[in-house]
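See structure below.
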Amino acid sequence: MKLKIETSMRVELIDITSEIQEEIRKSEISEGICLISTQHTTAGIIINENERGLKEDILNLLNKLVPAGAGYSHDRIDNNADSHLRAVLLGASEALPVSGGKLELGTWQRIFFAEMDGPRFRTVNITLLRA
C-alpha cells in the first residue's frame, strides 16, 4: 500500500497515524506487524508526541545538529546536504505491532512523515505482515 503526501514546507512533520490505521482497518489484518517506510533520501519516519512545542523542538534540534549551508560536500550538486544528513539521523522506517486490528501505540505516540527538503510530492510505503 502507498500513502501519497504533498508537503508544503521545506522542513515539517506530518502526522500520518490516522491514514495508516485506516489502511490496517481496510486490510482486515487483526494481528501482525506494520512496516512504515519511505524511499526518499531527504525524508524520514519517526514516532513521537503530536504536540506543537515538541514538534518545534525536534525541528530546532535537527537544525542545530545539521545546519544548512555548513560547507557540506554534497551541496556542490544540489545544495540540500543538510536534508540528507537530517534524514540519516531520523531513519527511513518504523515497525509497529498490530493487535486487535489496530496499531499498538503508546498513549501519546503518533507516526510522523518527516519532510526535510520540501515542498514535494512524497510516498510512504505501508507493508502489513499477518501474524
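Residues in the C-alpha cells are numbered from 1 in each chain, the chains being A, B, ... in the order shown, and ligands are numbered from 1 in the order shown.
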Backbone DSSP call of helix (DSSP H, G or I) for chain A, listed as JSON, numbers by chain: {"A": [17, 18, 19, 20, 21, 22, 23, 24, 25, 26, 27, 52, 53, 54, 55, 56, 57, 58, 59, 60, 61, 62, 63, 64, 65, 75, 76, 77, 78, 81, 82, 83, 84, 85, 86, 87, 88, 89, 90]}
Write out as JSON lines the residues of segment 4-113 of chain A that have any atom within 6 Å of an atom of segment 121-129 of chain A, one row each with the nearest atom pair and its distance in Å to one decimal, counting only C-alpha atoms, sorted by chain and then rising number.
```
{"residue": "A:Lys4", "atom": "CA", "partner": "A:Thr123", "partner_atom": "CA", "distance": 4.7}
{"residue": "A:Ile5", "atom": "CA", "partner": "A:Arg122", "partner_atom": "CA", "distance": 5.0}
{"residue": "A:Glu6", "atom": "CA", "partner": "A:Phe121", "partner_atom": "CA", "distance": 4.5}
{"residue": "A:Gly32", "atom": "CA", "partner": "A:Leu129", "partner_atom": "CA", "distance": 5.4}
{"residue": "A:Ile33", "atom": "CA", "partner": "A:Leu129", "partner_atom": "CA", "distance": 5.1}
{"residue": "A:Cys34", "atom": "CA", "partner": "A:Leu128", "partner_atom": "CA", "distance": 4.7}
{"residue": "A:Leu35", "atom": "CA", "partner": "A:Thr127", "partner_atom": "CA", "distance": 5.0}
{"residue": "A:Ile36", "atom": "CA", "partner": "A:Ile126", "partner_atom": "CA", "distance": 4.8}
{"residue": "A:Ser37", "atom": "CA", "partner": "A:Asn125", "partner_atom": "CA", "distance": 5.1}
{"residue": "A:Thr38", "atom": "CA", "partner": "A:Val124", "partner_atom": "CA", "distance": 4.9}
```
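If only C-alpha atoms are the atoms counted, then among A:Pro67, A:Gly106, A:Gly118, A:Pro97 the closest residue to Ala43 of chain A is A:Gly118.
With only C-alpha atoms as the basis for measurement, A:Leu90 is the residue among A:Leu105, A:Leu13, A:Leu90, A:Leu96 that approaches Leu65 of chain A most closely.
Minimum distance to Asn79 of chain A across A:Ser18, A:Asp117, A:Ile46, A:Val11 (counting only C-alpha atoms) occurs at A:Asp117.
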Expected answer as a ChimeraX atom specification: strand (DSSP E) residues in chain A: /A:2-6,12-15,31-38,43-49,93-99,102-103,109-115,121-130
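Minimum atom-to-atom distance to Lys102 of chain A, evaluated using only C-alpha atoms, belongs to A:Arg25 out of A:Arg120, A:Lys2, A:Arg25, A:Arg86.
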Exercise: Glu22 of chain A partners within 12 Å, only C-alpha atoms, chain neighbours under 5 positions left out, as a ChimeraX atom specification: /A:1,3,16-17,27-29,101-103,126
Shell around Ile45 of chain A at 6 Å using only C-alpha atoms, local window under 4 positions removed, as number ranges by chain: A: 92-93, 112-114
Go ahead and write the selection's residues with C-alpha atoms as a CSV table (one decimal), in the first residue's frame.
```
chain,number,residue,atom,x,y,z
A,92,ALA,CA,13.6,5.8,6.9
A,93,SER,CA,11.2,3.3,8.6
A,112,PHE,CA,5.1,11.3,11.5
A,113,PHE,CA,6.4,11.7,8.0
A,114,ALA,CA,9.4,14.0,8.4
```
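Take the candidates A:Ala131, A:Ile77, A:Val66, A:Val88 and check each one against His40 of chain A using only C-alpha atoms; the shortest distance goes to A:Val88.
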